[in-house]
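Undergrad: Here it is: the structure, laid out below.
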Amino acid sequence: MAPTTYSSTQKLLHWALFALVVFLYALTFGEDLFQRGDPTVDAIWRVHISVGLLLAALVLWRVVLRTLRGAPGLPENTSELERAGAKIAHLVLYTLLIAIPVLGILLTWYRGNDLSFFGLFTIPSPVTPDRGIARNIRELHSLCANGILIIAGLHALAALWHKFVRRDAVLTRMLP
């Protein structure tokens, strides 16, 4: 039997991932407030990389929980088109949540840097630095980051539509 609501852990992970994505995006734009070569920019990127690694770990945890526990079913009056849209949107969200950290890791390595998680441990780069590859990965990383904002925005609008137009319990399944 499918659950009727997400577990407390699933809810916590959902909102933590939302907050981390917003924070990572803010860090990216925060870099623009400083001139090139300013040590603050390096500090911002070290934090960005560490938070990105945290995001990757939480995404993995969330995917495992989703696989083990599943997701609550949609209301019975949900059309097949809406069901398909929800499945596609969730698939795209999960794909981007996995792709963005993977691309970020590859970008860091191809730039010639090691991965450091808040200075607690370091994962050395297994690849030879390559500016061309790094530039291509950076573009794809940025494209995916912008894509997740669009898809997450549509996801939020759909949740609000369910709350205020359909007046069903879809949104409340993910609220604390």
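Please note that chains go A, B, ... in the order of the structure tokens, that every chain numbers its residues from 1, and that ligands are numbered from 1 in the order shown.
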Using backbone DSSP assignments, extract all alpha helix (DSSP H) residues from chain A; output them as a PyMOL selection string.

TA: chain A and resi 8-30+39-69+80-110+131-161

Undergrad: Could you produce a table of the residues of segment 45-104 of chain A lying within 12 Å of segment 160-167 of chain A, with the nearest pair of atoms per residue and their separation in Å rounded to one decimal, using only C-alpha atoms, ordered by chain and increasing residue number, as CSV?

TA:
residue,atom,partner,partner_atom,distance
A:Leu74,CA,A:His162,CA,10.6
A:Pro75,CA,A:His162,CA,10.1
A:Asn77,CA,A:Arg166,CA,9.9
A:Thr78,CA,A:Arg166,CA,9.7
A:Glu82,CA,A:His162,CA,11.1
A:Ala86,CA,A:His162,CA,11.9

Undergrad: What does the structure give for the distance between atom CA of Ile133 of chain A and atom CA of Thr95 of chain A, in Å to one decimal?

TA: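 Atom-to-atom, atom CA of Ile133 of chain A to atom CA of Thr95 of chain A, that is 21.5 Å.
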
Undergrad: Do you know which residues are at most 9 Å from Ala99 of chain A counting only C-alpha atoms, after dropping those on the same chain fewer than 5 positions away, and could you put them as a list in words?

TA: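 Counting only C-alpha atoms, the residues come to Tyr94, Gly104, His141 and Cys144 of chain A.
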
Undergrad: For C-alpha atoms, I'd like the residues from the last selection saved as an mmCIF file, in the first residue's frame.

TA:
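File produced: result29.cif:
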data_model
loop_
_atom_site.group_PDB
_atom_site.id
_atom_site.type_symbol
_atom_site.label_atom_id
_atom_site.label_comp_id
_atom_site.auth_asym_id
_atom_site.auth_seq_id
_atom_site.Cartn_x
_atom_site.Cartn_y
_atom_site.Cartn_z
ATOM 1 C CA TYR A 94 16.076 14.274 -9.567
ATOM 2 C CA GLY A 104 30.563 20.450 -10.204
ATOM 3 C CA HIS A 141 26.819 22.978 -14.916
ATOM 4 C CA CYS A 144 21.608 22.649 -15.366
#

Undergrad: Please identify all polymer residues within 12 Å of Ala56 of chain A, counting only C-alpha atoms, omitting same-chain residues fewer than 5 positions from it, and present them as number ranges by chain.

TA: A: 13, 16-17, 20-21, 49-51, 61-63, 94-105, 117

Undergrad: Using the selection just defined, write its residues with N, CA and C atoms as an mmCIF file, in the first residue's frame.

TA:
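As a result, selection-v3.cif now contains:
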data_model
loop_
_atom_site.group_PDB
_atom_site.id
_atom_site.type_symbol
_atom_site.label_atom_id
_atom_site.label_comp_id
_atom_site.auth_asym_id
_atom_site.auth_seq_id
_atom_site.Cartn_x
_atom_site.Cartn_y
_atom_site.Cartn_z
ATOM 1 N N LEU A 13 14.637 16.316 4.101
ATOM 2 C CA LEU A 13 15.560 16.321 2.964
ATOM 3 C C LEU A 13 15.048 17.215 1.839
ATOM 4 N N ALA A 16 15.667 20.789 2.967
ATOM 5 C CA ALA A 16 17.115 21.037 3.070
ATOM 6 C C ALA A 16 17.723 21.185 1.680
ATOM 7 N N LEU A 17 17.319 20.339 0.741
ATOM 8 C CA LEU A 17 17.823 20.448 -0.626
ATOM 9 C C LEU A 17 17.386 21.759 -1.259
ATOM 10 N N LEU A 20 19.621 24.422 0.210
ATOM 11 C CA LEU A 20 20.990 24.322 -0.298
ATOM 12 C C LEU A 20 21.104 24.807 -1.738
ATOM 13 N N VAL A 21 20.121 24.471 -2.566
ATOM 14 C CA VAL A 21 20.134 24.939 -3.963
ATOM 15 C C VAL A 21 20.071 26.464 -4.007
ATOM 16 N N ILE A 49 31.868 24.605 -3.153
ATOM 17 C CA ILE A 49 32.244 23.206 -3.394
ATOM 18 C C ILE A 49 31.831 22.327 -2.214
ATOM 19 N N SER A 50 32.087 22.774 -1.006
ATOM 20 C CA SER A 50 31.726 21.985 0.181
ATOM 21 C C SER A 50 30.214 21.793 0.283
ATOM 22 N N VAL A 51 29.463 22.858 0.073
ATOM 23 C CA VAL A 51 27.998 22.761 0.141
ATOM 24 C C VAL A 51 27.488 21.899 -1.009
ATOM 25 N N TRP A 61 20.938 10.287 -0.380
ATOM 26 C CA TRP A 61 20.083 9.817 0.710
ATOM 27 C C TRP A 61 18.611 9.900 0.311
ATOM 28 N N ARG A 62 18.239 11.011 -0.313
ATOM 29 C CA ARG A 62 16.844 11.193 -0.715
ATOM 30 C C ARG A 62 16.423 10.179 -1.776
ATOM 31 N N VAL A 63 17.297 9.918 -2.736
ATOM 32 C CA VAL A 63 16.982 8.943 -3.787
ATOM 33 C C VAL A 63 16.819 7.549 -3.180
ATOM 34 N N TYR A 94 15.091 15.212 -10.095
ATOM 35 C CA TYR A 94 16.076 14.274 -9.567
ATOM 36 C C TYR A 94 17.296 14.187 -10.488
ATOM 37 N N THR A 95 17.066 14.170 -11.788
ATOM 38 C CA THR A 95 18.175 14.117 -12.741
ATOM 39 C C THR A 95 19.089 15.326 -12.572
ATOM 40 N N LEU A 96 18.491 16.508 -12.458
ATOM 41 C CA LEU A 96 19.296 17.722 -12.275
ATOM 42 C C LEU A 96 19.987 17.733 -10.918
ATOM 43 N N LEU A 97 19.298 17.270 -9.879
ATOM 44 C CA LEU A 97 19.905 17.226 -8.545
ATOM 45 C C LEU A 97 21.100 16.274 -8.482
ATOM 46 N N ILE A 98 21.111 15.283 -9.353
ATOM 47 C CA ILE A 98 22.257 14.373 -9.439
ATOM 48 C C ILE A 98 23.319 14.956 -10.373
ATOM 49 N N ALA A 99 22.887 15.461 -11.526
ATOM 50 C CA ALA A 99 23.824 15.954 -12.541
ATOM 51 C C ALA A 99 24.624 17.164 -12.075
ATOM 52 N N ILE A 100 23.988 18.096 -11.388
ATOM 53 C CA ILE A 100 24.670 19.338 -11.007
ATOM 54 C C ILE A 100 25.874 19.072 -10.099
ATOM 55 N N PRO A 101 25.744 18.303 -9.016
ATOM 56 C CA PRO A 101 26.938 18.026 -8.204
ATOM 57 C C PRO A 101 28.006 17.217 -8.955
ATOM 58 N N VAL A 102 27.579 16.256 -9.778
ATOM 59 C CA VAL A 102 28.553 15.479 -10.553
ATOM 60 C C VAL A 102 29.333 16.405 -11.479
ATOM 61 N N LEU A 103 28.630 17.287 -12.163
ATOM 62 C CA LEU A 103 29.306 18.248 -13.041
ATOM 63 C C LEU A 103 30.201 19.186 -12.240
ATOM 64 N N GLY A 104 29.751 19.588 -11.062
ATOM 65 C CA GLY A 104 30.563 20.450 -10.204
ATOM 66 C C GLY A 104 31.849 19.764 -9.775
ATOM 67 N N ILE A 105 31.771 18.493 -9.452
ATOM 68 C CA ILE A 105 32.953 17.723 -9.073
ATOM 69 C C ILE A 105 33.918 17.640 -10.258
ATOM 70 N N PHE A 117 36.034 19.137 1.554
ATOM 71 C CA PHE A 117 34.751 19.261 2.238
ATOM 72 C C PHE A 117 34.979 19.997 3.546
#

Undergrad: So, counting only C-alpha atoms, which residue among A:Ile137, A:Leu157, A:Leu120, A:Gln10 is closest to Leu60 of chain A?

TA: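 For Leu60 of chain A, the nearest of the given residues is A:Gln10.
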
Undergrad: Give me the residues near segment 150-153 of chain A as a list in words, where near means some atom within 8 Å (using only C-alpha atoms) and where sequence neighbours in that chain fewer than 3 positions away do not count.

TA: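 Residues near the query, excluding close chain neighbours: Ala89, Val92, Leu93, Asn146, Gly147, Ala156 and Leu157 of chain A.
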
Undergrad: Let me make sure I understand: among A:Gly73, A:Leu33, A:Thr67, A:Gly112, which one has the smallest atom-to-atom distance to Thr4 of chain A if we use only C-alpha atoms?

TA: A:Gly73

Undergrad: Expressed in Å to a single decimal, how great is the separation between atom CA of Leu175 of chain A and atom CA of Thr9 of chain A?

TA: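 Separating atom CA of Leu175 of chain A from atom CA of Thr9 of chain A is a distance of 11.5 Å.
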
Undergrad: Counting only C-alpha atoms, which residue out of A:Trp15, A:Glu76, A:Leu58, A:Trp109 sits closest to Asp168 of chain A?

TA: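 Checking each candidate against Asp168 of chain A, we get A:Glu76 as the closest.
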
Undergrad: Among chain A, which residues does DSSP mark as strand (DSSP E) when it is run on the backbone? Keep the chain and numbering as in the structure and answer as a PyMOL selection string.

TA: chain A and resi 115-117+121-123

Undergrad: Can you work out which one of A:Leu12, A:Ala19, A:Ala134, A:Val47 has the shortest atom-to-atom distance to Glu31 of chain A, counting only C-alpha atoms?

TA: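 Smallest distance to Glu31 of chain A is found for A:Val47.
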
Undergrad: Quick check, in Å to one decimal: how far apart do atom CA of Leu107 of chain A and atom CA of Leu143 of chain A lie?

TA: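 Separating atom CA of Leu107 of chain A from atom CA of Leu143 of chain A is a distance of 13.4 Å.
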
Undergrad: With only C-alpha atoms as the basis for distance, which of A:Pro3, A:Gly52, A:Pro126, A:Gly85 is at the shortest distance from Leu68 of chain A?

TA: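 Counting only C-alpha atoms, the residue closest to Leu68 of chain A is A:Pro3.
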